[in-house]
Structures are given as structure tokens and as C-alpha cells.
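**Q** After the C-alpha cells below, expect a handful of questions from me.
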Amino acid sequence: SNCSGLIWHLDDLANFTFLKDFHTEGTPVDGNINCLRVLKDTLESISIGETLVRTHLIEGNLMDLADFPYLKELFMFTLDLVRGDIRDIGEHDFPMLEELEISCCRAIIGDQHFSFQRISDVPDFMNDIHRLLKRDIMNDRCQWTLSEDQSPDWYEPEVSCEDEGIPGPPLDIGLVQVGPRLGWSWGSHEYVGDDSPFDSCEINWLDPEPDKDSSDYETYIQELQTIQGGNNFFNSLNQISQINFYREYFQPPTEEEYKQLCREYITSTNND
């Protein structure tokens with residue numbers, strides 16, 4: 001049911017006990033998302049929020065929806081008062097969910113545009129959501145980065161480096177799947193045209209290497225050799241990626257290390 005043209009308070013849902021789809025695009029809505037629990041046993045798709053008047057008044061907690069047995073799609077946009085943490089999503093939560101998109105929900109830790117405050121926070125976070133990432137219900141939407149405004153680890157690219165075509169500091173995070181093996185890496189993407197590569201650091205693996213006797217092992221080795229050879233590969237956002245400039249770095253270099261890499265690259269290029 002698309003509610004366009006109406007003003008909804010979520011308490012009104014008690015009158016729609018057989019509703020399967022609840023989509024509020026273009027509709028002012030307020031209330032607490034736990035009001036959706038009256039439809040727990042029927043809802044299959046929820047899309048709630050937008051950048052329209054009053055939608056920011058929706059409040060509640062993401063995990064209020066975690067035990068909906070038939071929910072397949074959950075899309076939440078610009079809901080600043082909805083709290084949550086994707087690390088709380090356990091193995092048995094959202095049991096039928098196939099697609100999860102949480103965009104610009106500033107009170108939800110791990111929403112698709114989440115910004116980290118410290119480089120050191122990221123490895124534990126990624127390990128904590130490993131099981132969720134294996135479900136692959138949100139991997140192609142995650143655009144995580146280091147906070148430009150709040151992180152003391154963030155730094156500007158060198159102007160001279162930009163002139164030389166050197167990638168910016170690798171302060172974005174990309175998910176990588178090689179064969180069946182899942183991992184993540186820091187990197188830099190300038191978003192200049194579709195062919196602009198994600199200049200990646202080395203991959204931090206979440207999964208162990210597949211067994212040599214498994215059917216996936218040969219594919220895994222072939223893809224891994226391509227990556228280690230400096231050739232292009234694709235991350236989970238379908239961005240062209242490569243490990244070249246930041247080879248041997250598993251986390252971003254410090255600002256001074258980055259400047260030194262730039263100086264060495266420029267010197268090497270001029271010598272050639």
C-alpha cells in the first residue's frame with residue numbers, strides 16, 4: 001500500500017491488520033516505528049522516511065522490527081530520531097530479510113553512510129558485523145568512511161599529489177569478496193567518472209582461506225592472483241579497485257607517511 005497524499009500517524013496502522021507492504025514515499029508521517037508491530041505477522045516490505053516535512057519526527061529503535069517473521073525488504077531514509085546499531089542484529093534477527101537499506105539515519109550506527117571517528121575503531125566493527133555481512137543483504141550499499149568533521153585521524157590530500165594524479169588518502173572503506181572469501185579494505189575513490197578506480201590498501205580478511213580441496217579454491221586463487229598482481233578488481237559497490245599505490249598498507253598511512261609516499265612517487269616519475 002502506497003500512502004502518497006495522506007498524513008499518517010503510525011498509530012493508525014492498527015486499522016490495517018492484513019497489510020503486507022507499507023511504503024511512505026512522499027507522505028508526511030510521524031510516530032514510533034514500534035507501532036508497526038501490530039502488522040508483525042503480515043508485513044513483507046517496509047519503506048519509510050524521506051527528506052520531506054515531518055518525516056524526521058518518526059522515532060523508535062531499529063531492533064523493534066527484528067522479529068518480523070515475513071519481512072523481506074526494509075528501507076529507512078533520513079530518520080534522525082530512530083536509534084540503533086547494526087552490530088545488534090543477531091543470527092536469528094530479521095529471519096527472512098533479503099534487502100536492508102538504512103540511509104542517512106544519523107542515530108543508527110552502521111547506516112550506509114556511517115562515518116567512523118577513529119581508524120582504530122574499524123577492525124573491531126567489521127569483525128562484529130561479519131555474520132551480517134555474510135548474509136549479503138546490505139553489502140552493495142555500504143559507503144563507510146572516516147569522519148572529515150570529527151576524526152583526528154582525517155587529513156587533506158596533498159595539492160601537489162593531485163596534480164600528479166596520485167590518489168587521495170585512503171580514508172574510505174570498501175567491502176571485497178574474492179571467491180567465497182569476504183574481506184574489507186581502506187581506499188580512496190575520487191568519484192571522477194565511472195572508470196575512476198578505488199585505490200585500495202591491502203585486504204583485511206574476515207573469512208579464512210577456502211580449503212584447497214573445495215570447489216571454490218581454484219576460482220579464489222585466480223582472483224587473488226589478479227588482485228596481488230596490481231590488476232583491477234571490483235569491490236561490493238561494483239567500483240573498479242586496485243592495490244598499487246598503497247601496497248603493504250593494511251590501514252591508512254599517517255599523514256606524514258602519505259606525504260612521503262607522494263614525494264617518492266613524484267621523484268620516481270621524474271627520474272623515469
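By convention in this document, the chains of the C-alpha cells carry letters A, B, ... by their order, each chain's residues are numbered from 1, and ligands are numbered from 1 in the order they are shown.
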Sort by chain and increasing residue number a table of all residues of region 37-118 of chain A within 12 Å of region 172-187 of chain A, each with its closest pair of atoms and their distance in Å to one decimal, counting only C-alpha atoms, and write it as a tab-separated table.
**A**
residue	atom	partner	partner_atom	distance
A:Gln112	CA	A:Ile173	CA	11.1
A:His113	CA	A:Asp172	CA	10.6
A:Phe114	CA	A:Ile173	CA	10.4
A:Ser115	CA	A:Asp172	CA	9.1
A:Phe116	CA	A:Asp172	CA	9.8
**Q** DSSP says strand (DSSP E or B) for which residues of region 48-173 of chain A? Put them as a list in words?
**A**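 Matching residues, listed in order: Ile48, Ile58, Glu59, Gly60, Asn61, Glu73, Leu74, Phe75, Met76, Phe77, Leu81, Val82, Arg83, Gly84, Asp85, Glu99, Leu100, Glu101, Ile102, Ser103, Ile108, Ile109, Ser115, Phe116, Thr145, Leu146, Asp172 and Ile173 of chain A.
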**Q** Between A:Val122, A:Leu171, A:Leu79, A:Cys105, which is the closest to Thr254 (chain A) once you count only C-alpha atoms?
**A**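 Among the listed residues, A:Leu171 lies closest to Thr254 (chain A).
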**Q** Could you check which of A:Ile166, A:Asn15, A:Asn244, A:Leu71 is closest to Tyr265 (chain A), using only C-alpha atoms?
**A**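 When distances to Tyr265 (chain A) are compared using only C-alpha atoms, the smallest one comes from A:Ile166.
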**Q** Would you please give, as a ChimeraX atom specification, all residues of region 67-225 of chain A that DSSP assigns to helix (DSSP H, G or I) based on the backbone?
**A** /A:86-88,119-128,130-134,139-141,159-163,217-225
**Q** Could you write out the selected residues, including N, CA, C and O atoms, as a short mmCIF file (atom, residue, chain, number, x, y, z; two decimals), in the first residue's frame?
**A**
data_model
loop_
_atom_site.label_atom_id
_atom_site.label_comp_id
_atom_site.auth_asym_id
_atom_site.auth_seq_id
_atom_site.Cartn_x
_atom_site.Cartn_y
_atom_site.Cartn_z
N ILE A 86 23.74 -1.61 13.89
CA ILE A 86 23.64 -2.84 13.10
C ILE A 86 24.43 -3.99 13.73
O ILE A 86 24.21 -5.14 13.39
N ARG A 87 25.31 -3.69 14.68
CA ARG A 87 26.03 -4.75 15.39
C ARG A 87 25.10 -5.55 16.30
O ARG A 87 25.44 -6.67 16.71
N ASP A 88 23.92 -4.99 16.58
CA ASP A 88 22.95 -5.70 17.43
C ASP A 88 22.14 -6.73 16.64
O ASP A 88 21.40 -7.52 17.25
N ILE A 119 40.42 5.53 13.05
CA ILE A 119 40.84 4.39 12.24
C ILE A 119 40.82 3.11 13.06
O ILE A 119 40.40 2.05 12.59
N SER A 120 41.21 3.22 14.31
CA SER A 120 41.32 2.04 15.17
C SER A 120 39.96 1.44 15.53
O SER A 120 39.89 0.30 16.01
N ASP A 121 38.86 2.18 15.29
CA ASP A 121 37.52 1.65 15.59
C ASP A 121 37.05 0.63 14.55
O ASP A 121 36.15 -0.18 14.84
N VAL A 122 37.62 0.69 13.36
CA VAL A 122 37.04 -0.04 12.24
C VAL A 122 37.25 -1.56 12.30
O VAL A 122 36.31 -2.32 12.06
N PRO A 123 38.45 -2.08 12.61
CA PRO A 123 38.62 -3.54 12.61
C PRO A 123 37.64 -4.27 13.52
O PRO A 123 37.04 -5.28 13.11
N ASP A 124 37.44 -3.79 14.74
CA ASP A 124 36.51 -4.44 15.65
C ASP A 124 35.08 -4.35 15.12
O ASP A 124 34.30 -5.32 15.24
N PHE A 125 34.72 -3.21 14.56
CA PHE A 125 33.39 -3.05 13.99
C PHE A 125 33.15 -4.07 12.88
O PHE A 125 32.10 -4.73 12.84
N MET A 126 34.12 -4.21 11.98
CA MET A 126 33.96 -5.14 10.87
C MET A 126 33.87 -6.58 11.36
O MET A 126 33.08 -7.38 10.84
N ASN A 127 34.66 -6.92 12.36
CA ASN A 127 34.57 -8.27 12.93
C ASN A 127 33.20 -8.50 13.57
O ASN A 127 32.64 -9.60 13.48
N ASP A 128 32.67 -7.46 14.23
CA ASP A 128 31.38 -7.59 14.90
C ASP A 128 30.23 -7.80 13.92
O ASP A 128 29.22 -8.44 14.28
N HIS A 130 30.55 -9.28 10.93
CA HIS A 130 30.94 -10.31 9.95
C HIS A 130 29.75 -11.20 9.59
O HIS A 130 29.49 -11.46 8.41
N ARG A 131 29.03 -11.68 10.59
CA ARG A 131 27.91 -12.57 10.32
C ARG A 131 26.84 -11.88 9.49
O ARG A 131 26.25 -12.47 8.58
N LEU A 132 26.59 -10.59 9.77
CA LEU A 132 25.61 -9.84 9.00
C LEU A 132 26.07 -9.66 7.56
O LEU A 132 25.28 -9.81 6.61
N LEU A 133 27.35 -9.39 7.36
CA LEU A 133 27.87 -9.21 6.00
C LEU A 133 27.78 -10.50 5.20
O LEU A 133 27.59 -10.48 3.98
N LYS A 134 27.90 -11.65 5.87
CA LYS A 134 27.80 -12.93 5.17
C LYS A 134 26.40 -13.15 4.61
O LYS A 134 26.22 -13.89 3.64
N ASN A 139 25.44 -5.31 1.62
CA ASN A 139 26.85 -5.08 1.28
C ASN A 139 27.04 -4.12 0.11
O ASN A 139 28.02 -3.37 0.06
N ASP A 140 26.12 -4.14 -0.86
CA ASP A 140 26.30 -3.29 -2.04
C ASP A 140 25.83 -1.86 -1.80
O ASP A 140 25.80 -1.05 -2.73
N ARG A 141 25.49 -1.53 -0.55
CA ARG A 141 25.02 -0.17 -0.25
C ARG A 141 25.93 0.56 0.74
O ARG A 141 25.74 1.75 0.97
N VAL A 159 48.00 18.89 -2.33
CA VAL A 159 47.64 19.53 -3.59
C VAL A 159 48.60 19.10 -4.70
O VAL A 159 48.19 18.80 -5.83
N SER A 160 49.89 19.03 -4.37
CA SER A 160 50.88 18.63 -5.38
C SER A 160 50.64 17.19 -5.85
O SER A 160 50.89 16.85 -7.00
N CYS A 161 50.11 16.36 -4.96
CA CYS A 161 49.83 14.98 -5.33
C CYS A 161 48.67 14.90 -6.32
O CYS A 161 48.69 14.10 -7.26
N GLU A 162 47.65 15.73 -6.10
CA GLU A 162 46.52 15.74 -7.01
C GLU A 162 46.97 16.12 -8.42
O GLU A 162 46.50 15.56 -9.41
N ASP A 163 47.89 17.07 -8.50
CA ASP A 163 48.40 17.50 -9.82
C ASP A 163 49.14 16.36 -10.51
O ASP A 163 49.20 16.32 -11.74
N TYR A 217 38.15 -23.19 -4.46
CA TYR A 217 39.54 -22.81 -4.21
C TYR A 217 40.24 -22.29 -5.48
O TYR A 217 40.94 -21.28 -5.43
N GLU A 218 40.03 -22.95 -6.59
CA GLU A 218 40.72 -22.54 -7.83
C GLU A 218 40.28 -21.13 -8.25
O GLU A 218 41.11 -20.29 -8.63
N THR A 219 38.97 -20.88 -8.17
CA THR A 219 38.47 -19.54 -8.51
C THR A 219 39.05 -18.50 -7.57
O THR A 219 39.46 -17.40 -8.00
N TYR A 220 39.09 -18.83 -6.29
CA TYR A 220 39.64 -17.91 -5.29
C TYR A 220 41.09 -17.56 -5.61
O TYR A 220 41.48 -16.38 -5.61
N ILE A 221 41.92 -18.57 -5.90
CA ILE A 221 43.34 -18.33 -6.18
C ILE A 221 43.52 -17.48 -7.43
O ILE A 221 44.34 -16.56 -7.46
N GLN A 222 42.73 -17.75 -8.46
CA GLN A 222 42.85 -16.97 -9.70
C GLN A 222 42.50 -15.50 -9.44
O GLN A 222 43.22 -14.59 -9.90
N GLU A 223 41.43 -15.26 -8.72
CA GLU A 223 41.03 -13.88 -8.42
C GLU A 223 42.04 -13.20 -7.51
O GLU A 223 42.36 -12.01 -7.68
N LEU A 224 42.57 -13.94 -6.54
CA LEU A 224 43.54 -13.37 -5.61
C LEU A 224 44.83 -13.00 -6.34
O LEU A 224 45.41 -11.93 -6.09
N GLN A 225 45.28 -13.82 -7.26
CA GLN A 225 46.50 -13.53 -8.02
C GLN A 225 46.31 -12.28 -8.89
O GLN A 225 47.24 -11.49 -9.05
#
**Q** Enumerate, in order of chain and increasing residue number, the residues of region 3-80 of chain A with an atom no farther than 6 Å from region 99-103 of chain A, each with its shortest atom pair and distance in Å to one decimal, counting only C-alpha atoms, as a Markdown table.
**A**
| residue | atom | partner | partner_atom | distance |
| --- | --- | --- | --- | --- |
| A:Glu73 | CA | A:Glu99 | CA | 4.9 |
| A:Leu74 | CA | A:Leu100 | CA | 5.1 |
| A:Phe75 | CA | A:Glu101 | CA | 4.7 |
| A:Met76 | CA | A:Ile102 | CA | 4.9 |
| A:Phe77 | CA | A:Ser103 | CA | 4.9 |
**Q** Just to confirm, what's the straight-line distance from CA of Pro152 (chain A) to CA of Asp111 (chain A) in Å (one decimal)?
**A**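 CA of Pro152 (chain A) sits 21.3 Å away from CA of Asp111 (chain A).
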**Q** Expressed in Å to a single decimal, how great is the separation between CA of Gly230 (chain A) and CA of Ile243 (chain A)?
**A**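 Pair CA of Gly230 (chain A) / CA of Ile243 (chain A) returns 5.4 Å.
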**Q** Would you kindly return, as a PyMOL selection string, each protein, DNA or RNA residue with an atom no farther than 9 Å from any atom of Leu57 (chain A), considering only C-alpha atoms and excluding same-chain residues fewer than 6 positions away?
**A** chain A and resi 29-32+79-82
